[in-house]
Amino acid sequence: MKKSLHLIISILCIFIYTNDVFSQPENFRERLSTQKEKEITYSSKDIQEEVEFGREIAARILGRIELFVNKALNKYVNLVGKSIALHCNRSDIDFKFAVLDTNEINAYSAPGGYVFVTRGAIQLMSDEAELAAVLAHEIAHITERHIVKEFNIQASEDSPITAFARFIGAGGDPAKAFFNQAVEKALDILFKDGYKRADELDSDRIAVILIALAGYKGDSLLRYLQKISEIKGKADVGKTHPVYEERLSFIKNVMMTEGIFEDKGVTNQERFYKNVVAAKILK
Amino acid sequence: MKRSLFIFLICFFMLPIFSYADDYHYNNTLIGDRAAGMGGAYIAVSDDPSGMYYNPAGLAYSTGRNLSASVNAFYFLQKKYDNVIGGNGWTRTSSSLLPNFFGIIQPLGKVKLGFSYAVPDSSLEDQDQTFYNLPSTLTGYTVSEYIINFNNEDNTYNIGPTIAFDLGKKASLGLTVYGHFRHSQWIFNEQVFLKDGSNNISANLTNQYFESSETGIKPVLGIMVSPADNFSIGFTASKVFILSQDTTFQQTVKAYDSNSVLRTVLTSDEKKEYPYQLGLGLAYFPSKAFLIAADINYFTSVKYNGAVLGVQDRRYVINGALGIEYYFTPKYALRAGAFTNIANTKDMGKSINENEQIDVYGGSLSLSYFTRNTSVSIGGTYSQGDGKARIIRGSDDIQDASIKAWTVFISSSYNY
């Protein structure tokens, strides 16, 4: 017994020692079969699962924040959003846009094409190009499947092998339980934790390209984020985005790299004001 | 007395051999699909649900976001004893078909939670055997018929949660707390028909019943460190602590020369002792397609002498295992391994009531097929060993004994 205790203590000492001094190895445990998982191609069933997952998240978002009920404004936001979405690489999903009735300055997106922008965010905008930039940023989260990849959302396989695997695994459908857990975690990302820094910057990069492709002024996102960074702390600004200084610097780099000039493109300021004033968002 | 039947000894020869199914080895069943294919060399790998059994620290490195795995196995064991009764050999076979592992993992950031169910030992015997015209040491008698009916069930279940902490890619810590449940029950009926010189038949009848239920906990503490790229070391410590145990033994005997029946009933709450198990594993991952692992498990000696459970002195045991894994393609992986299952019983030849000592050595092989979020494995193990036994209680005869065991398993795991 004493010998055994000594051995356990010795093992613990070795553990503490090694934990301090050894260098951090790479992820050598990854096997060929898990590597294969990363090379995913998305089937129509996967996309269907993505849309269902996003629809559940969208419903939960609307459960937290009411929809801004104004048919004309929602139609306008949809037209702007869809014109941006035409230039993205996800023709397999139908994008839907809506305005949320809150003073908070923020925008949300859910997998499968659901995009929300808040009334507070629209109030801060100066023109249609800035609205397009915000929507483009959210569209990019969807096209790049940031949440889908985070939670590995994909349709269950219906191959004979999978059916057999489930059969010998005594049946059951833990996927349903996982679906609900993943929805809760996705809402945590949207309302509490925020996306990963790399995902946010990725969306900024794609948004800058999308608004340029749609013909809007190239610096629209930059201008909008500059305004947010200036009022941050004074107004109700969403806290789920990374440091604005970093984003602004990153966007400038993207514009330079991609050859996007701030003075080219339109702002459609008149049309923007016409629609938002009519909706009584702006006085 | 050799090669002859001494009736009164036969009546009592059950205890050493029937007390438990195969209590004389610690490595009777390999748990998990990947682990079983690798001969159980898994302490330094353990990065899937079966890691909860082998080394809970490995769970911190599981790659599946949510992964479940189950193993269904058919287990067969054959024990042969030479020259037991009148020169006849005696063969015991045991088999069981059951899901022997199920595990599920839930990641929570740097913490991984899991829950698993394992059946580390299981046997089911249903034996009828009849011997004819045996010699007897009773003057003027021969044994015209000797009938043995033996039914035995012995199952051990481990079920419980696991928590593992990722302390960075270089180290992790894990703890599984299994509830330990074991139920053992056997019924032994023996009928000895004696024939005297006038061909009159008299019968010696014996019925024995044994039942024991253990409830306890089995904490498994695990540590995993990666001192260098592509290399990991695992440490484990575990022990079964019996919290309560109820044992009943009944015997009813009618002697051949008497019309009276003798009945004995023994009950006990004495608790069986299990050894401490200390494990050390090494694993080398030279590429994403190849893996080699080796384990050493040390079981401490146990000294215990129960009134009903009998003498349970066990010597220390060191079991080893070696395993490899090779991916032909991202879809197919072959695993192979070798392992030992050394007897925990003491050296024979010191007393007349000794437990058998048969060291067993085995190998394993499995093939896995992977789809995008599913894997199915099929495989098996085979082991055998030779040794000695004293199968007749009270006799100084030592028999040659052998064990052959094989397992066929099919398993599945999937991410969802």
# chains A, B, ... in the order shown; residues from 1 in each chain; ligands from 1

$ select_by_dssp --residues "region 47-212 of chain A" --states "strand (DSSP E)" --output "PyMOL selection string"
chain A and resi 96-100+107-110+114-118

$ closest_atom_pairs --of "chain B" --to "chain A" --cutoff "6 Å" --atoms "only C-alpha atoms" --output "Markdown table"
| residue | atom | partner | partner_atom | distance |
| --- | --- | --- | --- | --- |
| B:Ser70 | CA | A:Gly169 | CA | 5.3 |
| B:Lys170 | CA | A:Gln24 | CA | 5.3 |
| B:Pro227 | CA | A:Phe22 | CA | 5.4 |
| B:Asp229 | CA | A:Pro25 | CA | 4.6 |
| B:Asn230 | CA | A:Phe28 | CA | 5.3 |
| B:Lys288 | CA | A:Arg31 | CA | 4.6 |
| B:Ala289 | CA | A:Leu32 | CA | 5.7 |
| B:Pro330 | CA | A:Ser33 | CA | 4.6 |
| B:Arg372 | CA | A:Glu37 | CA | 5.7 |
| B:Ser412 | CA | A:Ala165 | CA | 4.9 |
| B:Tyr416 | CA | A:Ala175 | CA | 5.3 |

$ residues_around --residues "region 251-253 of chain B" --least-positions-apart "3" --cutoff "6 Å" --atoms "only C-alpha atoms" --output "PyMOL selection string"
chain B and resi 205-208+261-264

$ closest_residue --among "B:Ile217, B:Leu243, B:Ile292, B:Ala321" --to "Leu280 (chain B)" --atoms "only C-alpha atoms"
B:Ala321

$ residues_around --residues "Gln269 (chain A)" --least-positions-apart "5" --cutoff "9 Å" --atoms "only C-alpha atoms" --output "list of chain:residue names"
A:Ser126, A:Asp127, A:Glu128, A:Ala129, A:Lys274

$ write_last_selection --atoms "C-alpha atoms" --output "tab-separated table (two decimals), in the first residue's frame"
chain	number	residue	atom	x	y	z
A	126	SER	CA	-25.78	57.83	-43.29
A	127	ASP	CA	-26.71	56.15	-46.54
A	128	GLU	CA	-27.73	52.96	-48.31
A	129	ALA	CA	-24.10	51.98	-48.89
A	274	LYS	CA	-36.68	58.38	-48.10

$ select_by_dssp --residues "region 34-191 of chain B" --states "alpha helix (DSSP H)" --output "JSON list (two decimals) with N, CA and C atoms, in the first residue's frame"
[["chain", "number", "residue", "atom", "x", "y", "z"],
["B", 34, "ARG", "N", -11.39, 0.61, -30.88],
["B", 34, "ARG", "CA", -10.03, 0.93, -31.29],
["B", 34, "ARG", "C", -9.05, 0.29, -30.31],
["B", 35, "ALA", "N", -9.37, 0.41, -29.02],
["B", 35, "ALA", "CA", -8.49, -0.13, -27.98],
["B", 35, "ALA", "C", -8.37, -1.65, -28.08],
["B", 36, "ALA", "N", -9.50, -2.31, -28.30],
["B", 36, "ALA", "CA", -9.46, -3.78, -28.37],
["B", 36, "ALA", "C", -8.65, -4.23, -29.58],
["B", 37, "GLY", "N", -8.79, -3.51, -30.69],
["B", 37, "GLY", "CA", -8.01, -3.85, -31.87],
["B", 37, "GLY", "C", -6.53, -3.72, -31.64],
["B", 51, "GLY", "N", -11.46, 5.84, -23.96],
["B", 51, "GLY", "CA", -10.45, 6.44, -23.08],
["B", 51, "GLY", "C", -10.98, 6.64, -21.67],
["B", 52, "MET", "N", -12.28, 6.78, -21.54],
["B", 52, "MET", "CA", -12.86, 6.95, -20.20],
["B", 52, "MET", "C", -12.56, 5.74, -19.32],
["B", 53, "TYR", "N", -12.40, 4.59, -19.97],
["B", 53, "TYR", "CA", -12.08, 3.36, -19.23],
["B", 53, "TYR", "C", -10.57, 3.21, -19.04],
["B", 54, "TYR", "N", -9.80, 3.49, -20.11],
["B", 54, "TYR", "CA", -8.36, 3.24, -20.05],
["B", 54, "TYR", "C", -7.59, 4.38, -19.38]]

$ closest_residue --among "A:Ser229, A:Ser249, A:Ser44, A:Asn89" --to "Ile105 (chain A)" --atoms "only C-alpha atoms"
A:Ser229

$ residues_around --residues "Ala198 (chain A)" --least-positions-apart "6" --cutoff "12 Å" --atoms "only C-alpha atoms" --output "ChimeraX atom specification"
/A:141,144,146,204-205,241-242,246-247,250

$ residues_around --residues "region 171-184 of chain B" --least-positions-apart "3" --cutoff "6 Å" --atoms "only C-alpha atoms" --output "PyMOL selection string"
chain B and resi 56-57+153-168+211-225

$ residues_around --residues "region 206-214 of chain A" --least-positions-apart "4" --cutoff "6 Å" --atoms "only C-alpha atoms" --output "count of residues only"
4

$ atom_distance --atom1 "CA of Ser383 (chain B)" --atom2 "CA of Phe409 (chain B)"
14.7 Å

$ closest_atom_pairs --of "region 178-247 of chain A" --to "region 47-60 of chain A" --cutoff "9 Å" --atoms "only C-alpha atoms" --output "tab-separated table"
residue	atom	partner	partner_atom	distance
A:Phe179	CA	A:Phe53	CA	7.6
A:Ala182	CA	A:Phe53	CA	8.7
A:Val183	CA	A:Ile57	CA	6.0
A:Glu184	CA	A:Ile57	CA	8.2
A:Ala186	CA	A:Ile57	CA	7.5
A:Leu187	CA	A:Ile57	CA	6.9

$ write_last_selection --atoms "N, CA and C atoms" --output "tab-separated table (two decimals), in the first residue's frame"
chain	number	residue	atom	x	y	z
A	179	PHE	N	-28.73	19.08	-31.47
A	179	PHE	CA	-29.29	20.20	-32.24
A	179	PHE	C	-29.72	21.31	-31.28
A	182	ALA	N	-26.75	22.96	-29.63
A	182	ALA	CA	-26.00	23.81	-30.55
A	182	ALA	C	-26.72	25.14	-30.79
A	183	VAL	N	-28.06	25.11	-30.82
A	183	VAL	CA	-28.83	26.35	-30.99
A	183	VAL	C	-28.54	27.29	-29.82
A	184	GLU	N	-28.56	26.74	-28.61
A	184	GLU	CA	-28.28	27.56	-27.42
A	184	GLU	C	-26.88	28.16	-27.49
A	186	ALA	N	-25.09	28.70	-30.19
A	186	ALA	CA	-25.03	29.69	-31.27
A	186	ALA	C	-25.58	31.02	-30.78
A	187	LEU	N	-26.64	30.99	-29.98
A	187	LEU	CA	-27.21	32.23	-29.43
A	187	LEU	C	-26.22	32.90	-28.48

$ atom_distance --atom1 "CA of Gly265 (chain A)" --atom2 "CA of Lys75 (chain A)"
22.9 Å

$ atom_distance --atom1 "CA of Gly120 (chain A)" --atom2 "CA of Leu225 (chain A)"
13.9 Å
